[in-house]
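As stored in target.cif (mmCIF, C-alpha atoms and all ligand atoms):
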data_upload
loop_
_atom_site.label_atom_id
_atom_site.label_comp_id
_atom_site.auth_asym_id
_atom_site.auth_seq_id
_atom_site.Cartn_x
_atom_site.Cartn_y
_atom_site.Cartn_z
CA MET A 1 19.78 7.16 4.39
CA HIS A 2 16.71 8.73 2.80
CA LYS A 3 14.72 11.33 4.67
CA THR A 4 11.56 10.83 2.64
CA VAL A 5 9.57 7.61 2.36
CA PRO A 6 11.48 5.43 -0.14
CA VAL A 7 9.90 4.41 -3.43
CA ILE A 8 10.84 1.66 -5.86
CA ALA A 9 9.49 2.89 -9.20
CA VAL A 10 8.94 0.06 -11.67
CA ASP A 11 7.97 0.96 -15.24
CA GLY A 12 7.64 -0.95 -18.48
CA PRO A 13 5.24 -2.02 -21.23
CA SER A 14 2.22 -4.33 -20.87
CA GLY A 15 2.82 -7.96 -20.13
CA VAL A 16 6.46 -7.52 -19.14
CA GLY A 17 6.01 -8.93 -15.62
CA LYS A 18 5.88 -5.68 -13.63
CA GLY A 19 2.87 -6.81 -11.61
CA THR A 20 4.56 -10.03 -10.49
CA LEU A 21 7.82 -8.27 -9.65
CA CYS A 22 6.12 -5.44 -7.76
CA GLN A 23 4.01 -7.81 -5.69
CA ALA A 24 7.12 -9.82 -4.82
CA LEU A 25 9.10 -6.67 -3.89
CA ALA A 26 6.23 -5.33 -1.76
CA ASN A 27 5.99 -8.68 0.06
CA HIS A 28 9.75 -8.88 0.53
CA PHE A 29 10.10 -5.43 2.09
CA ASN A 30 6.58 -5.35 3.56
CA TRP A 31 5.93 -2.06 1.76
CA HIS A 32 2.80 -0.58 0.21
CA LEU A 33 1.98 -1.28 -3.42
CA LEU A 34 0.58 1.10 -6.02
CA ASP A 35 -0.88 -0.51 -9.15
CA SER A 36 -1.27 2.71 -11.13
CA GLY A 37 -2.54 0.86 -14.21
CA ALA A 38 -5.55 -0.26 -12.15
CA ILE A 39 -6.44 3.41 -11.59
CA TYR A 40 -6.43 4.10 -15.36
CA ARG A 41 -8.40 0.90 -15.89
CA VAL A 42 -11.07 1.87 -13.32
CA LEU A 43 -11.35 5.30 -14.89
CA ALA A 44 -11.82 3.71 -18.32
CA LEU A 45 -14.43 1.29 -16.96
CA SER A 46 -16.31 4.12 -15.30
CA ALA A 47 -16.21 6.12 -18.57
CA LEU A 48 -17.58 3.13 -20.51
CA GLN A 49 -20.33 2.64 -17.91
CA ASN A 50 -21.27 6.34 -18.07
CA ASN A 51 -21.11 6.59 -21.86
CA ILE A 52 -18.34 9.16 -21.74
CA ALA A 53 -16.38 9.23 -25.00
CA LEU A 54 -12.79 8.07 -24.52
CA ASP A 55 -11.46 11.27 -26.07
CA ASN A 56 -13.62 13.71 -24.09
CA GLU A 57 -10.70 15.10 -22.11
CA GLU A 58 -12.56 17.55 -19.89
CA GLN A 59 -15.29 15.17 -18.83
CA LEU A 60 -12.77 12.38 -18.25
CA ALA A 61 -10.56 14.67 -16.16
CA ARG A 62 -13.58 15.61 -14.03
CA LEU A 63 -14.43 11.94 -13.62
CA ALA A 64 -10.78 11.23 -12.69
CA LEU A 65 -10.78 13.91 -9.98
CA ASN A 66 -13.88 12.46 -8.35
CA LEU A 67 -13.35 8.80 -9.08
CA PRO A 68 -14.92 6.76 -6.23
CA LEU A 69 -12.12 4.20 -6.29
CA MET A 70 -10.79 2.15 -3.40
CA PHE A 71 -8.23 -0.62 -3.04
CA ASP A 72 -9.24 -3.19 -0.43
CA SER A 73 -6.14 -5.00 0.75
CA THR A 74 -7.74 -6.76 3.70
CA THR A 75 -7.99 -9.96 1.64
CA ALA A 76 -5.11 -12.03 0.20
CA GLU A 77 -5.82 -10.67 -3.29
CA VAL A 78 -6.25 -6.90 -3.38
CA LYS A 79 -9.79 -5.98 -4.46
CA VAL A 80 -10.45 -2.92 -6.60
CA LEU A 81 -13.74 -1.20 -5.77
CA LEU A 82 -15.60 1.34 -7.90
CA ASN A 83 -18.51 2.93 -6.05
CA GLY A 84 -18.08 0.18 -3.47
CA ILE A 85 -18.56 -2.55 -6.10
CA ASP A 86 -15.80 -5.10 -6.70
CA VAL A 87 -14.59 -4.52 -10.28
CA SER A 88 -11.30 -6.44 -9.94
CA LYS A 89 -12.23 -8.81 -12.78
CA ASP A 90 -13.98 -6.28 -15.03
CA ILE A 91 -10.92 -4.05 -15.20
CA ARG A 92 -8.70 -6.90 -16.46
CA THR A 93 -10.50 -7.46 -19.78
CA GLU A 94 -8.73 -6.60 -23.05
CA GLU A 95 -11.49 -4.06 -23.79
CA THR A 96 -10.86 -2.15 -20.56
CA GLY A 97 -7.08 -2.35 -21.09
CA GLY A 98 -7.41 -0.78 -24.53
CA ALA A 99 -9.76 1.91 -23.19
CA ALA A 100 -7.36 2.60 -20.29
CA SER A 101 -4.54 3.20 -22.74
CA LYS A 102 -6.73 5.73 -24.58
CA VAL A 103 -7.80 7.73 -21.52
CA ALA A 104 -4.22 7.59 -20.23
CA SER A 105 -3.01 9.51 -23.28
CA LEU A 106 -4.88 12.66 -22.19
CA THR A 107 -2.89 15.34 -20.35
CA GLN A 108 -5.72 16.60 -18.12
CA VAL A 109 -6.54 13.05 -17.05
CA ARG A 110 -2.94 12.36 -16.03
CA THR A 111 -2.75 15.64 -14.11
CA ALA A 112 -6.01 14.86 -12.32
CA LEU A 113 -4.62 11.50 -11.16
CA LEU A 114 -1.19 12.69 -10.01
CA GLN A 115 -1.96 13.50 -6.38
CA ARG A 116 -4.03 10.36 -5.91
CA GLN A 117 -1.00 8.31 -6.91
CA ARG A 118 1.43 10.31 -4.76
CA ASP A 119 -0.80 9.76 -1.72
CA PHE A 120 0.23 6.09 -1.79
CA ARG A 121 3.71 7.10 -0.66
CA GLN A 122 3.46 6.06 2.95
CA ALA A 123 5.90 4.61 5.50
CA PRO A 124 7.71 2.32 5.52
CA GLY A 125 7.93 2.45 1.70
CA LEU A 126 6.16 2.10 -1.62
CA VAL A 127 6.56 -0.11 -4.66
CA ALA A 128 4.98 1.74 -7.59
CA ASP A 129 4.01 -0.10 -10.78
CA GLY A 130 3.28 1.83 -13.99
CA ARG A 131 4.54 3.60 -17.07
CA ASP A 132 5.70 6.95 -15.66
CA MET A 133 6.49 6.17 -12.02
CA GLY A 134 10.18 7.04 -12.42
CA THR A 135 9.80 9.81 -15.00
CA VAL A 136 6.81 11.82 -13.66
CA VAL A 137 5.04 10.62 -10.52
CA PHE A 138 8.00 9.79 -8.26
CA THR A 139 10.93 11.53 -9.96
CA ASP A 140 12.86 11.49 -6.68
CA ALA A 141 12.45 7.72 -6.14
CA PRO A 142 15.77 6.32 -4.89
CA VAL A 143 15.24 3.14 -6.91
CA LYS A 144 14.00 3.10 -10.52
CA ILE A 145 13.69 -0.06 -12.56
CA PHE A 146 12.52 -0.34 -16.16
CA LEU A 147 11.49 -3.79 -17.37
CA ASP A 148 11.46 -4.49 -21.07
CA ALA A 149 10.91 -7.57 -23.28
CA SER A 150 10.15 -8.25 -26.93
CA ALA A 151 6.50 -7.85 -27.94
CA GLU A 152 6.47 -11.52 -29.04
CA SER A 153 7.57 -12.83 -25.66
CA ARG A 154 5.05 -10.63 -23.89
CA ALA A 155 2.29 -11.88 -26.20
CA GLU A 156 3.35 -15.46 -25.49
CA ARG A 157 3.15 -14.92 -21.74
CA ARG A 158 -0.26 -13.31 -22.10
CA MET A 159 -1.42 -16.26 -24.23
CA LYS A 160 -0.39 -18.68 -21.54
CA GLN A 161 -2.28 -16.66 -18.92
CA LEU A 162 -5.42 -16.61 -21.06
CA GLN A 163 -5.18 -20.31 -21.88
CA LEU A 164 -5.03 -21.05 -18.18
CA LYS A 165 -8.37 -19.31 -18.01
CA GLN A 166 -9.61 -21.43 -20.96
CA ASN A 167 -9.74 -18.49 -23.33
CA ARG A 168 -8.97 -19.33 -26.96
CA ALA A 169 -7.55 -15.96 -27.88
CA LYS A 170 -5.23 -16.14 -30.82
CA PHE A 171 -1.56 -15.24 -30.71
CA ALA A 172 -1.72 -12.86 -33.70
CA GLU A 173 -4.60 -10.92 -32.15
CA ILE A 174 -2.84 -10.64 -28.80
CA LEU A 175 0.40 -9.56 -30.44
CA GLN A 176 -1.44 -6.93 -32.46
CA ASP A 177 -3.19 -5.69 -29.34
CA ILE A 178 0.05 -5.47 -27.35
CA THR A 179 1.84 -3.71 -30.21
CA ALA A 180 -0.96 -1.16 -30.63
CA ARG A 181 -1.04 -0.44 -26.89
CA ASP A 182 2.76 -0.09 -26.76
CA GLU A 183 2.74 2.25 -29.70
CA ARG A 184 0.18 4.50 -28.01
CA ASP A 185 1.92 4.38 -24.61
CA ARG A 186 5.40 5.04 -26.05
CA ASN A 187 4.47 7.78 -28.50
CA ARG A 188 2.01 9.90 -26.57
CA PRO A 189 3.16 13.47 -25.98
CA VAL A 190 2.45 13.36 -22.26
CA ALA A 191 4.37 11.00 -19.94
CA PRO A 192 5.39 8.58 -22.68
CA LEU A 193 6.60 5.16 -21.67
CA LYS A 194 10.40 5.33 -21.47
CA PRO A 195 13.09 4.53 -18.93
CA ALA A 196 14.09 7.34 -16.57
CA ILE A 197 17.72 8.32 -17.21
CA ASP A 198 18.64 6.95 -13.79
CA ALA A 199 16.73 3.66 -14.16
CA LEU A 200 18.17 0.17 -14.21
CA VAL A 201 16.87 -1.42 -17.43
CA ILE A 202 16.26 -5.18 -17.26
CA ASP A 203 15.40 -7.07 -20.44
CA THR A 204 13.24 -9.94 -19.20
CA THR A 205 12.82 -11.67 -22.59
CA SER A 206 14.89 -14.67 -21.60
CA LEU A 207 14.87 -14.33 -17.81
CA SER A 208 12.80 -16.27 -15.28
CA ILE A 209 10.65 -14.47 -12.71
CA GLN A 210 13.18 -15.51 -10.06
CA ASP A 211 16.10 -14.06 -12.10
CA VAL A 212 14.33 -10.71 -12.47
CA PHE A 213 13.45 -10.66 -8.76
CA ASN A 214 17.07 -11.43 -7.77
CA GLN A 215 18.44 -8.64 -9.95
CA ALA A 216 15.87 -6.18 -8.63
CA ILE A 217 16.53 -7.08 -4.99
CA MET A 218 20.29 -6.79 -5.42
CA TYR A 219 19.98 -3.39 -7.09
CA THR A 220 17.44 -2.07 -4.57
CA THR A 221 19.45 -3.16 -1.55
CA GLU A 222 22.54 -1.48 -2.98
CA LYS A 223 20.67 1.75 -3.78
CA LEU A 224 18.89 1.99 -0.43
CA ALA A 225 22.15 1.53 1.47
CA LYS A 226 23.60 4.68 -0.13
O1 LIG A 301 -0.36 -1.63 -16.49
P1 LIG A 301 -1.75 -1.80 -17.10
O2 LIG A 301 -1.77 -2.68 -18.31
O3 LIG A 301 -2.77 -2.21 -16.08
O4 LIG A 301 -2.16 -0.32 -17.60
C1 LIG A 301 -3.30 -0.08 -18.36
C2 LIG A 301 -3.08 1.14 -19.25
O5 LIG A 301 -2.95 2.30 -18.44
C3 LIG A 301 -1.82 1.08 -20.11
O6 LIG A 301 -2.11 0.80 -21.47
C4 LIG A 301 -1.22 2.44 -20.04
C5 LIG A 301 -1.92 3.13 -18.92
N1 LIG A 301 -1.02 3.49 -17.82
C6 LIG A 301 -0.37 4.70 -17.91
O7 LIG A 301 -0.48 5.39 -18.91
N2 LIG A 301 0.40 5.13 -16.87
C7 LIG A 301 0.56 4.37 -15.78
N3 LIG A 301 1.32 4.83 -14.78
C8 LIG A 301 -0.07 3.11 -15.69
C9 LIG A 301 -0.85 2.69 -16.74
#
Give the structure from this file in structure tokens form.
Amino acid sequence: MHKTVPVIAVDGPSGVGKGTLCQALANHFNWHLLDSGAIYRVLALSALQNNIALDNEEQLARLALNLPLMFDSTTAEVKVLLNGIDVSKDIRTEETGGAASKVASLTQVRTALLQRQRDFRQAPGLVADGRDMGTVVFTDAPVKIFLDASAESRAERRMKQLQLKQNRAKFAEILQDITARDERDRNRPVAPLKPAIDALVIDTTSLSIQDVFNQAIMYTTEKLAK
């Protein structure tokens, strides 16, 4: 049995279904949930609001250290608050996602956000969703899962989500956006997106949400019993 608070680290590219899986795992075990992407998104939104250039590493790192961010989980859907204002919707736009990927490529920014992420590790356990949960933030996590899927299938899923919201975004644009973001996340020198050597890699391209959940639960249960 583990002496420290257990963590399930779930990493993978955008649109691969990490959010859905992590929420389901957190509900199943009744553990805390860290949506680390939301932190980078709030930082990017705050930078845009304050006219801070997305490559101004020092200023962004300072902003990251003092970011007045809070997650309100008293409601069914977790609310993300910046300066006490609900920005849950604003951080989900494509513009903020792209900006988040840019600020996330800066070393000082990532260092400034490390402790804030580690503070989420609280009993009885944590499900951590991101790009470097298993490789940098929670290297000692007993369970590491890396979800992957083709860029096309991720773009298709994203299209469906947007269409549900009556947005007429075009497939080619979404695919281009996803590919550009992947490229930046996978090739950055600091904490690049890649599976930890001890991660279970699941290719979700042709799997249902239920299939992915079943595999993850089986693997987690086995790992935690060790
Ligand atoms: O998971 P997401 O789409 O909400 O993340 C937004 C951006 O933040 C993504 O392009 C990469 C970055 N990110 C990161 O670099 N490290 C993390 N742990 C989480 C997100």
Can you list, as an NGL selection string, every protein, DNA or RNA residue that comes within 9 Å of region 16-18 of chain A when you count only C-alpha atoms, leaving out same-chain residues fewer than 5 positions away? :A and (10-11 or 23 or 129-130 or 146-151 or 153-154 or 157 or 204-205 or 209)
Which protein, DNA or RNA residues have an atom within 8 Å of ligand LIG 301 (chain A), counting only C-alpha atoms and all ligand atoms, as an MDAnalysis selection string? chainID A and resid 11 13:15 18:19 35:41 92 97:105 110 129:133 181:182 184:185 191:193
Nearest to Ile217 (chain A): which of A:Arg188, A:Lys89, A:His28, A:Arg118 is it, counting all atoms listed in the file? A:His28
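Going from CA of Gly84 (chain A) over to CA of Ala9 (chain A), you cover 28.3 Å.
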Neighbouring residues of Arg62 (chain A) were defined as those with any atom within 8 Å, considering only C-alpha atoms; residues of the same chain fewer than 4 positions away were excluded. Please report them as a count of residues only. 3
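Residue nearest Trp31 (chain A), chosen from A:Ala53, A:Ala123, A:Leu114, A:Val80 and counting all atoms listed in the file: A:Ala123.
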Kindly give the distance, in Å, that separates CA of Phe71 (chain A) and CA of Ile91 (chain A), rounded to a single decimal. 12.9 Å
